[in-house]
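query15.txt (compact mmCIF, C-alpha atoms) appears below.
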# COMPACT_ATOMS: atom_id res chain seq x y z
CA MET Q 898 -33.85 -51.69 8.07
CA GLU Q 899 -32.00 -53.82 10.59
CA ILE Q 900 -29.22 -52.54 12.82
CA LEU Q 901 -26.11 -54.68 12.42
CA ASN Q 902 -23.95 -52.77 14.86
CA GLU Q 903 -24.16 -49.60 16.90
CA ILE Q 904 -21.88 -47.33 18.89
CA ARG Q 905 -22.97 -44.48 21.13
CA PHE Q 906 -20.77 -41.98 22.90
CA ILE Q 907 -21.15 -38.75 24.80
CA MET Q 908 -18.58 -35.99 24.99
CA PRO Q 909 -18.43 -32.46 26.39
CA SER Q 910 -18.77 -29.70 23.81
CA LEU Q 911 -15.05 -28.84 23.75
CA SER Q 912 -13.65 -27.91 20.35
CA VAL Q 913 -10.73 -30.27 20.92
CA ASN Q 914 -13.28 -33.11 20.70
CA GLU Q 915 -14.11 -32.31 17.05
CA SER Q 916 -11.18 -34.44 15.93
CA ALA Q 917 -11.96 -37.11 18.54
CA ALA Q 918 -15.53 -37.44 17.20
CA ARG Q 919 -14.21 -37.82 13.64
CA ALA Q 920 -11.69 -40.43 14.74
CA VAL Q 921 -14.23 -42.55 16.67
CA VAL Q 922 -16.85 -42.43 13.90
CA SER Q 923 -14.33 -43.15 11.19
CA SER Q 924 -12.82 -46.08 13.10
CA PHE Q 925 -16.27 -47.63 13.68
CA VAL Q 926 -17.51 -47.07 10.12
CA THR Q 927 -14.40 -48.79 8.72
CA GLN Q 928 -16.15 -52.11 9.56
CA ALA Q 929 -18.54 -51.42 6.68
CA ASP Q 930 -15.61 -51.18 4.27
CA PRO Q 931 -16.10 -47.65 2.92
CA THR Q 932 -13.95 -46.25 0.13
CA VAL Q 933 -11.42 -43.54 1.02
CA GLU Q 934 -13.78 -40.99 -0.49
CA GLU Q 935 -16.84 -42.24 1.42
CA LEU Q 936 -14.91 -42.17 4.66
CA SER Q 937 -13.76 -38.59 3.98
CA ASP Q 938 -17.35 -37.58 3.26
CA ILE Q 939 -18.54 -39.06 6.56
CA ARG Q 940 -15.69 -37.55 8.58
CA THR Q 941 -16.34 -34.12 7.07
CA ALA Q 942 -20.12 -34.29 7.67
CA VAL Q 943 -19.59 -35.40 11.30
CA SER Q 944 -17.11 -32.59 11.84
CA GLU Q 945 -19.63 -30.03 10.56
CA ALA Q 946 -22.45 -31.31 12.77
CA VAL Q 947 -20.30 -31.49 15.91
CA THR Q 948 -18.88 -28.01 15.24
CA ASN Q 949 -22.42 -26.64 14.86
CA SER Q 950 -23.34 -28.04 18.29
CA ILE Q 951 -20.22 -26.51 19.86
CA VAL Q 952 -20.31 -23.12 18.12
CA HIS Q 953 -24.07 -22.55 17.84
CA GLY Q 954 -25.84 -25.03 20.14
CA TYR Q 955 -23.79 -24.22 23.21
CA ARG Q 956 -22.27 -20.88 22.15
CA LYS Q 957 -20.45 -19.63 25.23
CA THR Q 958 -21.81 -22.36 27.48
CA GLN Q 959 -20.80 -25.99 27.67
CA GLY Q 960 -22.90 -29.12 27.50
CA SER Q 961 -22.84 -32.62 26.16
CA ILE Q 962 -23.02 -33.95 22.63
CA GLU Q 963 -24.26 -37.48 22.02
CA LEU Q 964 -23.29 -39.38 18.89
CA THR Q 965 -24.99 -42.56 17.72
CA VAL Q 966 -23.52 -44.40 14.76
CA ARG Q 967 -25.20 -47.43 13.24
CA ILE Q 968 -24.31 -49.81 10.49
CA LEU Q 969 -27.58 -50.88 8.88
CA THR Q 970 -28.42 -53.65 6.47
CA GLY Q 971 -28.01 -52.61 2.84
CA ASN Q 972 -24.60 -51.15 3.68
CA GLU Q 973 -26.08 -47.98 5.04
CA ILE Q 974 -24.53 -45.75 7.70
CA TYR Q 975 -26.75 -43.86 10.13
CA ILE Q 976 -25.32 -41.06 12.26
CA LYS Q 977 -27.17 -39.02 14.85
CA ILE Q 978 -25.61 -36.00 16.56
CA ARG Q 979 -27.65 -34.63 19.42
CA ASP Q 980 -27.11 -31.65 21.69
CA LYS Q 981 -29.15 -30.05 24.45
CA GLY Q 982 -28.15 -26.55 23.45
CA CYS Q 983 -30.14 -23.45 22.59
CA GLY Q 984 -31.87 -24.93 19.54
CA ILE Q 985 -32.49 -23.37 16.13
CA PRO Q 986 -35.48 -21.01 15.82
CA ASP Q 987 -35.72 -21.37 12.04
CA VAL Q 988 -34.17 -24.59 10.72
CA LYS Q 989 -34.96 -23.82 7.08
CA LYS Q 990 -33.13 -20.49 7.32
CA ALA Q 991 -30.19 -22.03 9.19
CA MET Q 992 -29.78 -24.56 6.40
CA GLN Q 993 -29.48 -21.94 3.67
CA PRO Q 994 -25.98 -21.80 2.19
CA LEU Q 995 -23.84 -18.97 3.57
CA PHE Q 996 -26.27 -18.21 6.43
CA THR Q 997 -24.34 -17.87 9.67
CA THR Q 998 -24.93 -16.34 13.06
CA ALA Q 999 -21.22 -16.43 13.93
CA PRO Q 1000 -19.40 -14.37 11.27
CA GLU Q 1001 -16.97 -13.09 13.94
CA GLU Q 1002 -15.67 -16.65 14.24
CA GLU Q 1003 -15.32 -16.78 10.43
CA ARG Q 1004 -18.00 -19.44 10.14
CA SER Q 1005 -18.69 -19.67 6.43
CA GLY Q 1006 -22.32 -20.75 6.76
CA LEU Q 1007 -21.63 -23.87 4.73
CA GLY Q 1008 -21.91 -26.56 7.42
CA PHE Q 1009 -25.34 -27.84 6.38
CA SER Q 1010 -24.41 -27.54 2.69
CA VAL Q 1011 -21.43 -29.82 3.29
CA MET Q 1012 -23.59 -32.32 5.21
CA THR Q 1013 -26.26 -32.31 2.47
CA SER Q 1014 -23.74 -32.67 -0.29
CA PHE Q 1015 -21.55 -35.37 1.31
CA MET Q 1016 -24.33 -37.55 2.77
CA ASP Q 1017 -27.42 -39.06 1.09
CA ARG Q 1018 -30.01 -37.88 3.57
CA LEU Q 1019 -30.06 -35.22 6.26
CA SER Q 1020 -32.79 -34.34 8.71
CA VAL Q 1021 -32.65 -31.70 11.43
CA HIS Q 1022 -34.95 -31.57 14.43
CA SER Q 1023 -34.67 -28.64 16.77
CA LYS Q 1024 -36.56 -27.03 19.62
CA VAL Q 1025 -35.57 -23.64 21.01
CA GLY Q 1026 -34.25 -24.08 24.54
CA LYS Q 1027 -34.20 -27.88 24.22
CA GLY Q 1028 -31.56 -28.70 21.63
CA THR Q 1029 -30.94 -30.03 18.16
CA SER Q 1030 -30.65 -33.46 16.58
CA VAL Q 1031 -29.06 -34.01 13.21
CA ILE Q 1032 -29.58 -37.37 11.51
CA MET Q 1033 -27.53 -38.27 8.46
CA ARG Q 1034 -27.51 -41.38 6.32
CA LYS Q 1035 -25.21 -42.61 3.62
CA ARG Q 1036 -25.31 -45.79 1.62
CA LEU Q 1037 -21.88 -47.18 0.83
CA GLY Q 1038 -20.75 -48.76 -2.41
CA LYS Q 1039 -23.06 -46.80 -4.68
CA ASN Q 1040 -20.31 -46.30 -7.22
CA GLY Q 1041 -19.85 -50.00 -7.66
CA ASN Q 1042 -16.97 -50.25 -5.23
CA MET G 389 -1.09 -29.00 12.78
CA GLY G 390 1.48 -26.41 11.82
CA MET G 391 2.62 -23.64 9.51
CA GLU G 392 5.94 -22.86 7.89
CA ILE G 393 6.74 -19.87 5.69
CA ILE G 394 9.09 -20.62 2.79
CA LYS G 395 10.25 -18.76 -0.30
CA ASP G 396 9.59 -20.57 -3.56
CA LYS G 397 10.82 -19.03 -6.85
CA GLY G 398 10.49 -15.55 -5.43
CA SER G 399 7.01 -15.97 -3.99
CA THR G 400 6.03 -16.56 -0.39
CA VAL G 401 4.40 -19.85 0.54
CA ALA G 402 2.68 -20.74 3.80
CA VAL G 403 2.98 -24.50 4.02
CA LEU G 404 0.24 -25.87 6.27
CA SER G 405 0.15 -29.35 7.73
CA GLY G 406 -2.28 -31.45 9.76
CA GLU G 407 -6.04 -31.01 10.01
CA ILE G 408 -8.09 -27.84 9.58
CA ASP G 409 -11.23 -27.87 11.69
CA HIS G 410 -12.88 -25.24 13.89
CA HIS G 411 -10.51 -26.03 16.77
CA ASN G 412 -7.28 -25.76 14.76
CA ALA G 413 -8.41 -22.92 12.49
CA LYS G 414 -8.13 -20.38 15.33
CA GLN G 415 -4.40 -20.91 15.73
CA LEU G 416 -3.71 -20.99 12.00
CA ARG G 417 -5.73 -17.81 11.58
CA ALA G 418 -3.68 -16.03 14.25
CA GLU G 419 -0.36 -17.20 12.78
CA LEU G 420 -1.30 -16.29 9.20
CA ASP G 421 -2.68 -12.90 10.22
CA ARG G 422 0.46 -12.08 12.17
CA TYR G 423 2.57 -12.92 9.11
CA ILE G 424 0.37 -11.02 6.62
CA ILE G 425 0.22 -7.88 8.76
CA THR G 426 3.94 -7.77 9.57
CA ALA G 427 5.42 -8.93 6.24
CA GLN G 428 2.71 -7.53 3.90
CA PRO G 429 3.62 -9.95 1.08
CA PRO G 430 2.41 -8.85 -2.39
CA GLU G 431 1.56 -12.50 -3.09
CA LEU G 432 0.97 -15.34 -0.67
CA THR G 433 0.33 -18.97 -1.54
CA ILE G 434 -1.28 -21.26 0.98
CA ASP G 435 0.02 -24.78 0.32
CA LEU G 436 -2.41 -27.50 1.36
CA THR G 437 -0.30 -30.54 0.33
CA GLY G 438 0.16 -31.57 3.96
CA ILE G 439 -3.46 -31.03 5.01
CA THR G 440 -5.07 -34.39 5.74
CA PHE G 441 -8.51 -33.10 6.70
CA MET G 442 -10.47 -29.91 6.12
CA ASP G 443 -14.11 -29.02 6.75
CA SER G 444 -15.91 -25.71 6.15
CA SER G 445 -13.75 -24.09 8.85
CA GLY G 446 -11.01 -24.09 6.21
CA ILE G 447 -13.28 -22.14 3.87
CA GLY G 448 -13.72 -19.45 6.52
CA LEU G 449 -9.97 -19.44 7.10
CA ILE G 450 -9.10 -19.01 3.40
CA MET G 451 -11.82 -16.44 2.70
CA GLY G 452 -10.83 -14.39 5.76
CA ARG G 453 -7.13 -14.39 4.79
CA SER G 454 -7.99 -13.50 1.20
CA LYS G 455 -9.88 -10.46 2.47
CA LEU G 456 -7.07 -9.40 4.82
CA ILE G 457 -4.32 -9.73 2.23
CA LYS G 458 -6.41 -7.74 -0.28
CA GLU G 459 -6.75 -4.98 2.31
CA CYS G 460 -2.96 -5.02 2.61
CA GLY G 461 -2.66 -4.69 -1.20
CA GLY G 462 -1.70 -8.30 -1.88
CA LYS G 463 -3.11 -11.42 -3.48
CA LEU G 464 -3.79 -14.91 -2.14
CA GLU G 465 -3.52 -18.26 -3.93
CA VAL G 466 -4.14 -21.80 -2.77
CA ARG G 467 -2.21 -24.78 -4.08
CA SER G 468 -2.20 -28.58 -4.02
CA PRO G 469 -5.33 -29.53 -2.10
CA GLN G 470 -6.04 -33.26 -1.98
CA PRO G 471 -9.02 -34.30 -4.15
CA TYR G 472 -11.61 -34.40 -1.37
CA ILE G 473 -10.43 -31.07 0.02
CA ARG G 474 -10.81 -29.68 -3.49
CA ARG G 475 -14.46 -30.82 -3.31
CA VAL G 476 -15.02 -28.81 -0.13
CA LEU G 477 -13.42 -25.77 -1.79
CA LYS G 478 -15.56 -26.25 -4.89
CA LEU G 479 -18.73 -26.51 -2.86
CA ALA G 480 -18.00 -23.08 -1.44
CA GLY G 481 -17.30 -21.63 -4.89
CA ILE G 482 -14.06 -20.29 -3.47
CA GLU G 483 -12.30 -20.39 -6.87
CA ARG G 484 -14.24 -17.26 -7.79
CA LEU G 485 -12.32 -15.38 -5.09
CA VAL G 486 -9.04 -17.23 -4.83
CA LYS G 487 -7.00 -19.00 -7.50
CA ILE G 488 -6.60 -22.72 -6.76
CA LYS G 489 -3.67 -24.47 -8.38

Go ahead and render the structure in this file as structure tokens.
Amino acid sequence: MEILNEIRFIMPSLSVNESAARAVVSSFVTQADPTVEELSDIRTAVSEAVTNSIVHGYRKTQGSIELTVRILTGNEIYIKIRDKGCGIPDVKKAMQPLFTTAPEEERSGLGFSVMTSFMDRLSVHSKVGKGTSVIMRKRLGKNGN
Amino acid sequence: MGMEIIKDKGSTVAVLSGEIDHHNAKQLRAELDRYIITAQPPELTIDLTGITFMDSSGIGLIMGRSKLIKECGGKLEVRSPQPYIRRVLKLAGIERLVKIK
């Protein structure tokens, strides 16, 4: 799979940057001519991943979040969201619907469910004390658009 | 992002506008809670017509308000979400707790 174009940006884990991340990703991905629905799916999945890094990865601390977005041949979008936060001890458990470690913040525990449902592929790599990387892929135009 | 309380055919409607993410949800949560606790409406409708983006933070916001209003003896409804926001709501199975119109 060849990379046709790529953007990479780093931002501090401030919640105000959740909308900035969505805006940058969505503006870049527009080059690949997504439908309105595909673009909404991508924006929502990015928002979930970035929020996870802010709320869970860095908790009460602050660090950096790196986003890499690629447009691949075959009209596929690749998005990687990486933090150097606390990491996830049990990824499988964290990905279960409704599982949350931040109920006091009214986190619904549906972040990974949204990412899985709105993107084609999702992989999560995490090391306790080192951080977490979330890689998501979505092929555009599957519905004949 | 904002909230306005209006009366519509005798029922109370909280008209939300803008984007609901983790950052914005905090303020909306505080404003809605203040209203629910002080006014104790028997029925409250959250109108999502003007919401242009919502992720799972919106689910937490709606579920939390539904719980609070129930504790105050009232009932919560949600109306007019855009199609892709409806998909987020559906994914959470929220219609089992809150009526979506």

My list of candidates is Q:Asn914, Q:Gln959, Q:Asn972, Q:Asn949. Which is closest to Phe1009 in chain Q when distances are computed with only C-alpha atoms?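 Smallest distance to Phe1009 in chain Q is found for Q:Asn949.
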
Kindly provide, as a PyMOL selection string, the residues of chain G having any atom no farther than 6 Å from an atom of chain Q, counting all atoms listed in the file. chain G and resi 411+443+448

List the neighbours of Arg979 in chain Q out to 12 Å using all atoms listed in the file; skip same-chain residues closer than 2 positions along the sequence, and give me the result as a PyMOL selection string. chain Q and resi 905-910+943+946-951+954-955+960-966+976-977+981-984+1020-1024+1027-1033

Can you list, as a ChimeraX atom specification, every protein, DNA or RNA residue that comes within 10 Å of Ala402 in chain G when you count only C-alpha atoms, leaving out same-chain residues fewer than 4 positions away? /G:390-395,420,423,432-436,466
